[in-house]
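**Student:** I am sharing protein-v6.txt, which consists of compact mmCIF, C-alpha atoms:
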```txt
# COMPACT_ATOMS: atom_id res chain seq x y z
CA MET A 263 -16.63 -21.25 3.93
CA PRO A 264 -14.08 -22.22 1.26
CA THR A 265 -11.35 -24.71 1.90
CA THR A 266 -8.74 -22.01 1.46
CA VAL A 267 -9.52 -20.73 4.94
CA SER A 268 -8.01 -23.62 6.78
CA ALA A 269 -5.32 -24.53 4.31
CA ALA A 270 -1.79 -23.66 5.31
CA PRO A 271 0.10 -21.66 2.71
CA THR A 272 2.42 -23.61 0.47
CA VAL A 273 5.90 -22.13 0.65
CA PRO A 274 8.04 -22.64 -2.45
CA ALA A 275 11.40 -24.23 -1.82
CA ALA A 276 14.03 -21.53 -1.86
CA SER A 277 17.64 -22.01 -2.80
CA PRO A 278 20.36 -20.50 -0.57
CA HIS A 279 20.91 -17.84 -3.19
CA ALA A 280 17.23 -17.19 -3.96
CA ALA A 281 17.32 -13.67 -2.61
CA HIS A 282 20.13 -12.81 -5.04
CA LYS A 283 18.54 -14.09 -8.25
CA ARG A 284 18.32 -11.79 -11.24
CA TRP A 285 15.00 -10.07 -11.57
CA PRO A 286 12.99 -10.78 -14.74
CA PRO A 287 12.84 -7.79 -17.14
CA VAL A 288 9.12 -7.40 -16.46
CA VAL A 289 9.90 -6.69 -12.78
CA TRP A 290 12.28 -3.86 -13.71
CA THR A 291 9.54 -2.37 -15.90
CA LEU A 292 7.07 -2.51 -13.04
CA VAL A 293 9.41 -1.08 -10.39
CA LEU A 294 10.57 1.77 -12.63
CA GLY A 295 6.98 2.45 -13.70
CA THR A 296 5.91 2.53 -10.06
CA PHE A 297 8.65 5.06 -9.25
CA LEU A 298 7.77 7.36 -12.15
CA ALA A 299 4.03 7.19 -11.43
CA ARG A 300 4.61 8.07 -7.78
CA ALA A 301 7.26 10.73 -8.50
CA ALA A 302 4.70 12.58 -10.62
CA GLY A 303 1.75 11.59 -8.41
CA PHE A 304 0.67 15.16 -7.71
CA ALA A 305 -3.09 14.58 -7.96
CA TYR A 306 -3.67 13.45 -4.37
CA PRO A 307 -1.05 15.37 -2.33
CA PHE A 308 -2.02 18.66 -3.98
CA LEU A 309 -5.75 18.01 -4.42
CA ALA A 310 -6.79 20.16 -1.44
CA ILE A 311 -4.71 23.08 -2.76
CA HIS A 312 -6.14 22.53 -6.25
CA LEU A 313 -9.71 22.61 -4.93
CA ALA A 314 -9.02 25.77 -2.93
CA SER A 315 -7.62 27.44 -6.05
CA ARG A 316 -10.95 26.67 -7.75
CA GLY A 317 -12.81 28.51 -4.98
CA VAL A 318 -14.14 25.44 -3.19
CA GLU A 319 -15.00 26.09 0.47
CA ALA A 320 -13.17 24.21 3.23
CA THR A 321 -16.19 22.08 4.18
CA TRP A 322 -16.66 20.91 0.62
CA ILE A 323 -12.93 20.29 0.21
CA SER A 324 -13.18 17.69 2.98
CA MET A 325 -16.12 16.06 1.22
CA VAL A 326 -14.32 15.91 -2.11
CA LEU A 327 -11.22 14.45 -0.45
CA ALA A 328 -13.47 11.81 1.13
CA LEU A 329 -14.83 10.99 -2.34
CA PHE A 330 -11.26 10.57 -3.57
CA GLY A 331 -10.65 8.13 -0.69
CA ALA A 332 -13.84 6.23 -1.54
CA GLY A 333 -12.68 5.95 -5.14
CA TRP A 334 -9.26 4.72 -3.99
CA LEU A 335 -10.87 1.97 -1.90
CA THR A 336 -13.24 0.96 -4.71
CA GLY A 337 -10.51 0.94 -7.34
CA GLN A 338 -8.30 -1.50 -5.44
CA ILE A 339 -11.01 -4.18 -5.35
CA VAL A 340 -12.51 -3.59 -8.80
CA LEU A 341 -9.19 -3.41 -10.65
CA GLY A 342 -7.79 -6.36 -8.71
CA ALA A 343 -10.79 -8.47 -9.72
CA LEU A 344 -10.54 -7.29 -13.34
CA ALA A 345 -6.82 -8.13 -13.51
CA ASP A 346 -7.65 -11.73 -12.53
CA ARG A 347 -10.53 -12.03 -14.98
CA ILE A 348 -9.41 -10.24 -18.13
CA GLY A 349 -5.62 -10.13 -17.70
CA ARG A 350 -2.92 -8.07 -16.01
CA ARG A 351 -1.65 -6.12 -19.00
CA VAL A 352 -5.02 -5.08 -20.40
CA THR A 353 -6.19 -3.95 -16.94
CA LEU A 354 -3.02 -1.97 -16.21
CA VAL A 355 -2.98 -0.35 -19.66
CA GLY A 356 -6.68 0.49 -19.38
CA ALA A 357 -6.38 1.87 -15.84
CA MET A 358 -3.38 4.06 -16.67
CA THR A 359 -5.00 5.33 -19.86
CA ALA A 360 -8.16 6.15 -17.91
CA ALA A 361 -6.03 7.85 -15.24
CA ALA A 362 -4.43 10.09 -17.86
CA LEU A 363 -7.86 11.18 -19.13
CA VAL A 364 -9.39 11.64 -15.67
CA PHE A 365 -6.45 13.69 -14.40
CA LEU A 366 -6.66 15.97 -17.43
CA ILE A 367 -10.35 16.54 -16.69
CA LEU A 368 -9.62 17.12 -12.99
CA ALA A 369 -7.04 19.77 -13.92
CA GLN A 370 -9.46 21.65 -16.19
CA VAL A 371 -12.93 21.63 -14.58
CA HIS A 372 -14.12 24.35 -12.20
CA SER A 373 -17.62 23.48 -10.95
CA LEU A 374 -17.97 21.70 -7.61
CA THR A 375 -19.98 18.85 -9.12
CA ALA A 376 -17.44 18.23 -11.87
CA LEU A 377 -14.55 18.39 -9.39
CA ALA A 378 -16.30 15.92 -7.06
CA VAL A 379 -17.01 13.41 -9.84
CA ALA A 380 -13.52 13.77 -11.30
CA SER A 381 -11.98 13.32 -7.85
CA PHE A 382 -13.88 10.08 -7.25
CA PHE A 383 -12.68 8.58 -10.54
CA ALA A 384 -9.19 9.97 -9.97
CA GLY A 385 -9.20 8.08 -6.66
CA ILE A 386 -10.06 4.86 -8.50
CA CYS A 387 -7.11 5.29 -10.84
CA TYR A 388 -4.53 6.88 -8.52
CA ASP A 389 -3.22 3.70 -6.87
CA ALA A 390 -4.47 1.34 -9.59
CA PRO A 391 -1.07 -0.23 -10.34
CA ARG A 392 -0.63 -1.59 -6.80
CA PRO A 393 -2.70 -4.83 -6.96
CA ILE A 394 -1.85 -5.45 -10.62
CA VAL A 395 1.89 -5.01 -10.08
CA SER A 396 1.73 -7.24 -6.99
CA ALA A 397 0.03 -9.99 -8.99
CA LEU A 398 2.47 -9.68 -11.89
CA ILE A 399 5.42 -10.05 -9.52
CA MET A 400 3.79 -13.14 -8.01
CA ASP A 401 3.29 -14.53 -11.53
CA SER A 402 6.87 -13.78 -12.61
CA VAL A 403 8.83 -14.83 -9.50
CA SER A 404 8.31 -18.16 -7.74
CA ASP A 405 10.39 -17.95 -4.55
CA GLU A 406 9.47 -15.83 -1.56
CA PRO A 407 12.95 -14.46 -0.69
CA THR A 408 13.20 -12.88 -4.15
CA ARG A 409 9.63 -11.61 -3.92
CA ALA A 410 10.41 -10.05 -0.53
CA ARG A 411 13.55 -8.42 -1.94
CA ILE A 412 11.54 -6.97 -4.83
CA ALA A 413 8.83 -5.78 -2.43
CA GLY A 414 11.44 -3.97 -0.36
CA TRP A 415 12.89 -2.10 -3.32
CA ARG A 416 9.42 -1.45 -4.70
CA HIS A 417 8.49 0.22 -1.39
CA PHE A 418 11.78 2.12 -1.58
CA ALA A 419 10.81 3.32 -5.08
CA VAL A 420 7.41 4.47 -3.82
CA ASN A 421 9.01 6.46 -0.98
CA CYS A 422 11.60 8.03 -3.26
CA GLY A 423 8.86 8.91 -5.70
CA ALA A 424 6.76 10.46 -2.95
CA ALA A 425 9.75 12.53 -1.82
CA CYS A 426 10.17 13.79 -5.38
CA THR A 427 6.45 14.61 -5.53
CA GLY A 428 6.65 16.74 -2.40
CA ALA A 429 9.88 18.49 -3.36
CA ILE A 430 8.94 19.25 -6.98
CA GLY A 431 5.34 20.10 -6.18
CA GLY A 432 6.32 22.32 -3.28
CA LEU A 433 8.72 24.29 -5.49
CA LEU A 434 6.41 24.65 -8.49
CA SER A 435 2.87 24.86 -7.11
CA GLU A 436 3.13 28.52 -6.06
CA GLN A 437 4.82 29.52 -9.33
CA VAL A 438 2.77 27.65 -11.95
CA GLY A 439 -0.30 26.52 -10.01
CA THR A 440 -1.65 23.03 -9.45
CA ALA A 441 -3.16 22.37 -12.89
CA PRO A 442 0.23 21.85 -14.64
CA LEU A 443 1.24 19.45 -11.86
CA ILE A 444 -1.87 17.35 -12.48
CA TRP A 445 -1.16 17.50 -16.23
CA ALA A 446 2.27 16.05 -15.49
CA ASN A 447 0.58 13.29 -13.47
CA ALA A 448 -1.63 12.53 -16.47
CA LEU A 449 1.36 12.44 -18.83
CA THR A 450 3.25 10.02 -16.60
CA CYS A 451 0.23 7.70 -16.41
CA GLY A 452 0.04 7.74 -20.20
CA LEU A 453 3.73 6.82 -20.42
CA PHE A 454 3.22 4.00 -17.91
CA ALA A 455 0.33 2.69 -20.03
CA ALA A 456 2.53 2.74 -23.14
CA ALA A 457 5.40 0.97 -21.35
CA ALA A 458 3.02 -1.67 -19.96
CA ARG A 459 1.61 -2.33 -23.42
CA ARG A 460 5.11 -2.62 -24.88
CA PHE A 461 6.93 -4.68 -22.24
CA LEU A 462 4.40 -6.74 -20.26
CA PRO A 463 3.32 -10.23 -21.37
CA ALA A 464 -0.06 -10.40 -23.06
CA ARG A 465 -1.26 -13.19 -20.76
CA SER A 466 -0.01 -13.95 -17.26
CA ALA A 467 0.41 -17.33 -15.64
CA SER A 468 -2.82 -16.92 -13.69
CA SER A 469 -4.75 -16.57 -16.94
CA ARG A 470 -4.08 -20.25 -17.59
CA THR A 471 -5.40 -21.40 -14.21
CA THR A 472 -8.96 -22.23 -13.29
CA GLY A 473 -10.85 -21.53 -10.10
CA ASP A 474 -13.48 -19.38 -8.49
CA GLY A 475 -11.94 -15.97 -7.94
CA SER A 476 -15.17 -14.49 -6.58
CA LEU A 477 -15.35 -11.69 -4.04
CA ARG A 478 -17.40 -13.97 -1.80
CA ASN A 479 -14.64 -16.55 -1.57
CA ALA A 480 -11.97 -13.92 -0.97
CA PHE A 481 -13.95 -12.20 1.79
CA SER A 482 -14.68 -15.62 3.35
CA ASP A 483 -10.95 -16.30 3.75
CA MET A 484 -10.37 -15.52 7.41
CA ARG A 485 -6.62 -15.32 6.88
CA LEU A 486 -7.09 -12.43 4.46
CA MET A 487 -9.61 -10.71 6.72
CA LEU A 488 -7.33 -10.96 9.75
CA LEU A 489 -4.39 -9.70 7.68
CA TRP A 490 -6.61 -6.81 6.57
CA LEU A 491 -7.41 -5.89 10.19
CA VAL A 492 -3.76 -6.11 11.26
CA SER A 493 -2.71 -3.93 8.34
CA VAL A 494 -5.32 -1.25 9.03
CA CYS A 495 -4.15 -1.06 12.65
CA ALA A 496 -0.50 -0.83 11.56
CA LEU A 497 -1.10 1.68 8.74
CA ILE A 498 -3.23 4.16 10.68
CA PRO A 499 -0.04 5.43 12.39
CA VAL A 500 1.57 5.67 8.92
CA ALA A 501 -1.34 7.77 7.66
CA ALA A 502 -1.09 9.86 10.83
CA LEU A 503 2.26 11.11 9.55
CA TYR A 504 0.42 13.08 6.86
CA SER A 505 -2.89 13.90 8.54
CA VAL A 506 -2.27 14.10 12.29
CA LEU A 507 1.33 15.27 12.62
CA PRO A 508 0.84 18.66 10.88
CA VAL A 509 -2.21 19.39 13.05
CA MET A 510 -0.36 18.71 16.30
CA MET A 511 2.68 20.69 15.14
CA ALA A 512 0.46 23.65 14.28
CA GLN A 513 -1.15 23.46 17.73
CA ASP A 514 2.34 23.57 19.23
CA ARG A 515 2.92 26.78 17.22
CA LEU A 516 5.74 25.27 15.19
CA PRO A 517 6.42 26.77 11.74
CA THR A 518 5.39 24.96 8.57
CA SER A 519 9.07 24.41 7.83
CA ALA A 520 9.27 22.16 10.92
CA TYR A 521 6.80 19.76 9.32
CA GLY A 522 8.82 19.90 6.12
CA TRP A 523 11.98 18.97 8.01
CA SER A 524 10.20 16.03 9.63
CA GLN A 525 9.39 14.79 6.12
CA VAL A 526 13.02 15.23 5.11
CA ALA A 527 14.11 13.25 8.17
CA GLY A 528 11.70 10.48 7.20
CA ALA A 529 12.99 10.40 3.63
CA ILE A 530 16.60 10.17 4.83
CA ALA A 531 15.61 7.34 7.21
CA VAL A 532 14.05 5.42 4.30
CA LEU A 533 17.24 5.85 2.28
CA VAL A 534 19.31 4.56 5.21
CA PHE A 535 17.13 1.74 6.52
CA SER A 536 15.89 0.22 3.23
CA PRO A 537 19.29 -1.11 2.03
CA LEU A 538 19.94 -2.48 5.52
CA LEU A 539 16.55 -4.10 6.13
CA ASN A 540 15.69 -5.44 2.66
CA PRO A 541 18.33 -8.24 2.55
CA TRP A 542 17.67 -9.14 6.20
CA LEU A 543 13.92 -9.42 5.54
CA ALA A 544 14.45 -11.42 2.33
CA ARG A 545 16.37 -14.05 4.28
CA ARG A 546 13.35 -14.45 6.58
CA ALA A 547 10.74 -14.83 3.84
CA ASP A 548 10.79 -18.64 3.64
CA GLY A 549 7.55 -18.76 5.64
CA PRO A 550 4.74 -16.42 6.74
CA MET A 551 6.28 -13.32 8.31
CA VAL A 552 3.57 -12.92 10.94
CA GLY A 553 5.95 -12.28 13.82
CA LEU A 554 7.66 -9.52 11.89
CA LEU A 555 4.28 -8.04 10.95
CA ALA A 556 3.36 -7.92 14.65
CA LEU A 557 6.70 -6.27 15.45
CA SER A 558 6.18 -3.68 12.72
CA SER A 559 2.74 -2.81 14.08
CA VAL A 560 4.19 -2.19 17.55
CA ILE A 561 7.03 -0.08 16.13
CA LEU A 562 4.62 2.03 14.08
CA GLY A 563 2.17 2.55 16.92
CA ALA A 564 4.84 3.40 19.50
CA GLY A 565 6.93 5.43 17.05
CA MET A 566 4.16 7.70 15.79
CA GLY A 567 2.51 7.66 19.21
CA SER A 568 5.64 9.22 20.66
CA ALA A 569 4.86 12.32 18.58
CA GLY A 570 2.04 13.03 21.03
CA LEU A 571 4.53 13.29 23.88
CA THR A 572 6.65 16.09 22.42
CA SER A 573 6.20 19.72 21.50
CA HIS A 574 9.50 20.31 19.73
CA SER A 575 10.39 19.91 16.06
CA VAL A 576 13.28 17.57 16.91
CA GLY A 577 10.91 15.29 18.84
CA TYR A 578 8.45 15.14 15.95
CA ALA A 579 11.25 14.34 13.49
CA ALA A 580 12.52 11.63 15.84
CA ALA A 581 9.03 10.06 15.96
CA VAL A 582 8.98 9.88 12.16
CA VAL A 583 12.43 8.30 12.03
CA ILE A 584 11.53 5.72 14.69
CA ALA A 585 8.45 4.67 12.69
CA VAL A 586 10.28 4.20 9.36
CA PRO A 587 11.68 0.67 10.06
CA GLY A 588 8.19 -0.41 11.10
CA GLU A 589 6.72 0.87 7.85
CA ILE A 590 9.33 -0.96 5.75
CA ILE A 591 8.82 -4.23 7.64
CA ALA A 592 5.01 -3.91 7.53
CA PHE A 593 4.79 -3.60 3.76
CA ILE A 594 7.21 -6.46 3.11
CA ALA A 595 5.70 -8.78 5.73
CA ALA A 596 2.10 -8.13 4.67
CA GLY A 597 3.05 -8.64 1.03
CA ASN A 598 4.73 -11.92 1.93
CA ILE A 599 1.54 -13.20 3.59
CA VAL A 600 -0.63 -12.11 0.66
CA ASN A 601 1.72 -13.98 -1.69
CA LEU A 602 1.42 -17.16 0.36
CA ILE A 603 -2.35 -17.22 0.88
CA ALA A 604 -3.57 -15.94 -2.50
CA PRO A 605 -4.82 -18.63 -4.92
CA LYS A 606 -3.26 -18.31 -8.38
CA HIS A 607 -6.58 -17.32 -9.92
CA SER A 608 -7.17 -14.56 -7.32
CA ARG A 609 -3.75 -13.00 -6.84
CA ALA A 610 -4.69 -9.52 -7.98
CA LEU A 611 -8.00 -9.62 -6.09
CA TYR A 612 -6.26 -10.57 -2.83
CA ALA A 613 -3.65 -7.84 -3.42
CA GLY A 614 -6.44 -5.37 -4.17
CA ILE A 615 -8.39 -6.21 -1.02
CA TRP A 616 -5.22 -5.77 0.99
CA GLY A 617 -4.56 -2.50 -0.87
CA THR A 618 -7.81 -1.04 0.51
CA THR A 619 -6.12 -0.92 3.91
CA LEU A 620 -4.20 2.13 2.75
CA ALA A 621 -7.39 3.98 1.84
CA VAL A 622 -9.09 2.96 5.10
CA ALA A 623 -6.06 4.12 7.09
CA VAL A 624 -6.05 7.47 5.26
CA ILE A 625 -9.72 7.90 6.21
CA GLY A 626 -9.43 6.46 9.72
CA ALA A 627 -6.31 8.26 10.96
CA PRO A 628 -7.76 11.81 11.00
CA LEU A 629 -11.05 10.57 12.48
CA LEU A 630 -9.21 8.79 15.30
CA ALA A 631 -6.92 11.76 15.90
CA ASN A 632 -9.71 14.34 15.88
CA GLY A 633 -11.63 12.31 18.47
CA ALA A 634 -8.53 11.87 20.61
CA LEU A 635 -7.64 15.57 20.41
CA HIS A 636 -11.10 16.56 21.58
CA VAL A 637 -11.06 14.05 24.45
CA GLY A 638 -7.62 14.62 25.94
CA GLY A 639 -5.24 16.41 23.61
CA HIS A 640 -1.88 15.22 22.35
CA SER A 641 -1.32 12.64 25.09
CA THR A 642 -4.58 10.92 24.10
CA VAL A 643 -3.43 10.88 20.48
CA ALA A 644 -0.24 9.17 21.65
CA LEU A 645 -2.26 6.58 23.53
CA ALA A 646 -4.64 5.99 20.60
CA LEU A 647 -1.88 5.48 18.03
CA THR A 648 0.09 3.22 20.35
CA ALA A 649 -3.05 1.20 21.08
CA CYS A 650 -3.60 0.79 17.32
CA GLY A 651 -0.14 -0.71 16.97
CA PHE A 652 -0.55 -3.13 19.87
CA LEU A 653 -4.03 -4.14 18.69
CA GLY A 654 -2.55 -5.03 15.30
CA ALA A 655 0.11 -7.14 16.99
CA ALA A 656 -2.56 -8.94 19.06
CA ILE A 657 -4.59 -9.81 15.95
CA CYS A 658 -1.47 -11.50 14.59
CA LEU A 659 -1.99 -14.32 17.11
CA PRO A 660 -5.13 -15.82 15.50
CA LEU A 661 -3.66 -15.03 12.07
CA ALA A 662 -0.56 -17.09 12.90
CA ALA A 663 -2.75 -19.96 14.12
CA LEU A 664 -4.67 -20.06 10.83
CA LEU A 665 -1.55 -19.79 8.71
CA HIS A 666 0.10 -22.73 10.45
CA ARG A 667 -2.93 -25.02 10.46
CA PRO A 668 -2.15 -27.95 8.12
CA SER A 669 -4.54 -28.82 5.31
CA ALA A 670 -5.67 -32.36 4.52
CA ALA A 671 -3.47 -32.38 1.43
CA GLU A 672 -0.38 -31.80 3.56
CA LEU A 673 -1.05 -34.47 6.22
CA PRO A 674 0.96 -37.72 6.03
CA PRO A 675 -0.94 -40.89 4.99
CA SER A 676 -0.83 -42.29 8.54
CA ALA A 677 -2.51 -39.17 9.91
CA LEU A 678 -5.15 -39.31 7.21
CA ALA A 679 -5.88 -42.97 8.00
CA ALA A 680 -6.18 -42.21 11.70
CA THR A 681 -8.56 -39.36 10.96
CA ALA A 682 -10.66 -41.66 8.77
CA ARG A 683 -10.85 -44.33 11.53
CA GLN A 684 -11.91 -41.71 14.08
CA SER A 685 -14.62 -40.34 11.81
CA GLY A 686 -15.81 -43.89 11.11
```
Would you give me this structure, written as structure tokens?

**Tutor:**
Amino acid sequence: MPTTVSAAPTVPAASPHAAHKRWPPVVWTLVLGTFLARAAGFAYPFLAIHLASRGVEATWISMVLALFGAGWLTGQIVLGALADRIGRRVTLVGAMTAAALVFLILAQVHSLTALAVASFFAGICYDAPRPIVSALIMDSVSDEPTRARIAGWRHFAVNCGAACTGAIGGLLSEQVGTAPLIWANALTCGLFAAAARRFLPARSASSRTTGDGSLRNAFSDMRLMLLWLVSVCALIPVAALYSVLPVMMAQDRLPTSAYGWSQVAGAIAVLVFSPLLNPWLARRADGPMVGLLALSSVILGAGMGSAGLTSHSVGYAAAVVIAVPGEIIAFIAAGNIVNLIAPKHSRALYAGIWGTTLAVAVIGAPLLANGALHVGGHSTVALALTACGFLGAAICLPLAALLHRPSAAELPPSALAATARQSG
């Protein structure tokens, strides 16, 4: 097991005004690019409708969506590793260029085989910027409060972009079909590739460091593995918002518009809570935010779990609103821990491995909910989602112990001498 497992993270010294520093221009490029890519990210939210329009049967639609999820999971690890080995800019430009081509193919093909293959590769590219952008921010900004502040607004940009995707896609999909929406997704990826080539540095700071950034070492880091488990438990309730909530609302005979209004309520909550929470969280980013991560997991589990205890549209919307602060805290706190534990030569790989939690949650949430619905109905779903949140909080206990264990390099000379005498 590598020495990184037991080493405590080194926290950069932060000035009192660290959270208010100007962002480097590269960060603005990345945040704006993230917003535009997500605002036109029609490929995944409208993939099921696109497949149905091509005459794909419901059973096969589920299989193709699973292939997309498998590609998403694979892409996070592969592209994270590539960004560490060959460079951030070349990987981001290549991934976004490939995304533009793959989305164009996905929009045009009609056969089931072609749609399945295109969906898998579209999954690889869809969330490709996440680990690369995370690593670039780590390379460009040295203090954690500023990183946390950027992470908060980056998450805000993703949510605003997703709201735009739903609103624009919902208005246009019935009028023009899904193919033009996926073309727009391809165009935006091409623009992101061009912007990355123009504005990002050719070589990042990590390119000048040495070290073994192997998958084996990363997966041997128990801190990363525990963080991964916590994040999956916390994000399953987040994924339930999109996969479980509409099913339960349909079973309660609520109109489709009720689900739409719950999404609107969630978007408004993000707009309200993000400006309030981001500065507060940035001030608490001087060390590992494990306690806040545990709190976020409980909020998410209890918040989305409460949806299983209602049958009214107002109750469902309230569940979504309750969960929003937990989601904001979870992404910022988990990002903070990744920043602190990732070696310089493996920043994108660590971010990519963490990024797979989103894909696993998207796959796991409907499986958990379907099992719970068959066993005991909505109340069992409530119990299952709440249990997920509390399990994530419990796993934070051993994670905190590992994060606060001092390494030999950080022990004072007297302690080192005493250890040497004892071993002798």

**Student:** Determine, counting only C-alpha atoms, which protein, DNA and RNA residues have an atom within 7 Å of an atom of Thr427 in chain A; residues of the same chain fewer than 3 positions away are not included. Present the result as a VMD selection string.

**Tutor:** chain A and resid 301 to 304 423 to 424 430 to 431

**Student:** Please report the interatomic distance between CA of Leu377 in chain A and CA of Leu507 in chain A in Å with one decimal.

**Tutor:**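 Separating CA of Leu377 in chain A from CA of Leu507 in chain A is a distance of 27.3 Å.
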
**Student:** Neighbours of Thr296 in chain A within 8 Å (only C-alpha atoms; same-chain residues fewer than 4 positions away dropped), as a list in words?

**Tutor:**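 Once the nearby chain positions are removed, what remains is Leu292, Arg300, Pro391, Arg416, Ala419 and Val420 of chain A.
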
**Student:** Grab the CA of Arg409 in chain A to CA of Leu488 in chain A distance for me, in Å with one decimal place.

**Tutor:**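 Answer for the CA of Arg409 in chain A to CA of Leu488 in chain A separation: 21.8 Å.
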
**Student:** One decimal, in Å: what's the spacing between CA of Pro393 in chain A and CA of Met487 in chain A?

**Tutor:**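 It comes out at 16.4 Å.
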
**Student:** Using only C-alpha atoms, find the one residue out of A:Ala446, A:Val622, A:Leu433, A:Ala441 that sits nearest to Ala496 in chain A.

**Tutor:**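 Residue with the minimum atom-to-atom distance to Ala496 in chain A: A:Val622.
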
**Student:** I'd like the neighbourhood of Gly588 in chain A as a PyMOL selection string, where a residue qualifies if any of its atoms comes within 10 Å (using only C-alpha atoms), though same-chain residues fewer than 2 positions away should be ignored.

**Tutor:** chain A and resi 496-497+500+554-565+583-586+590-593

**Student:** Looking at A:Phe454, A:Phe297, A:Trp415, A:Phe382, which one is nearest to Gly356 in chain A, with distances taken over all atoms listed in the file?

**Tutor:**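 Of A:Phe454, A:Phe297, A:Trp415, A:Phe382, the one nearest Gly356 in chain A is A:Phe454, counting all atoms listed in the file.
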
**Student:** Using the file's own x, y and z axes, what box holds all listed atoms of range 612-628 of chain A with 4 Å on each side, keeping edges along x, y and z, and what are its centre and edge lengths in Å to one decimal, as AutoDock Vina command-line options?

**Tutor:**
```
--center_x -6.7 --center_y 0.6 --center_z 3.4 --size_x 14.1 --size_y 30.4 --size_z 23.2
```
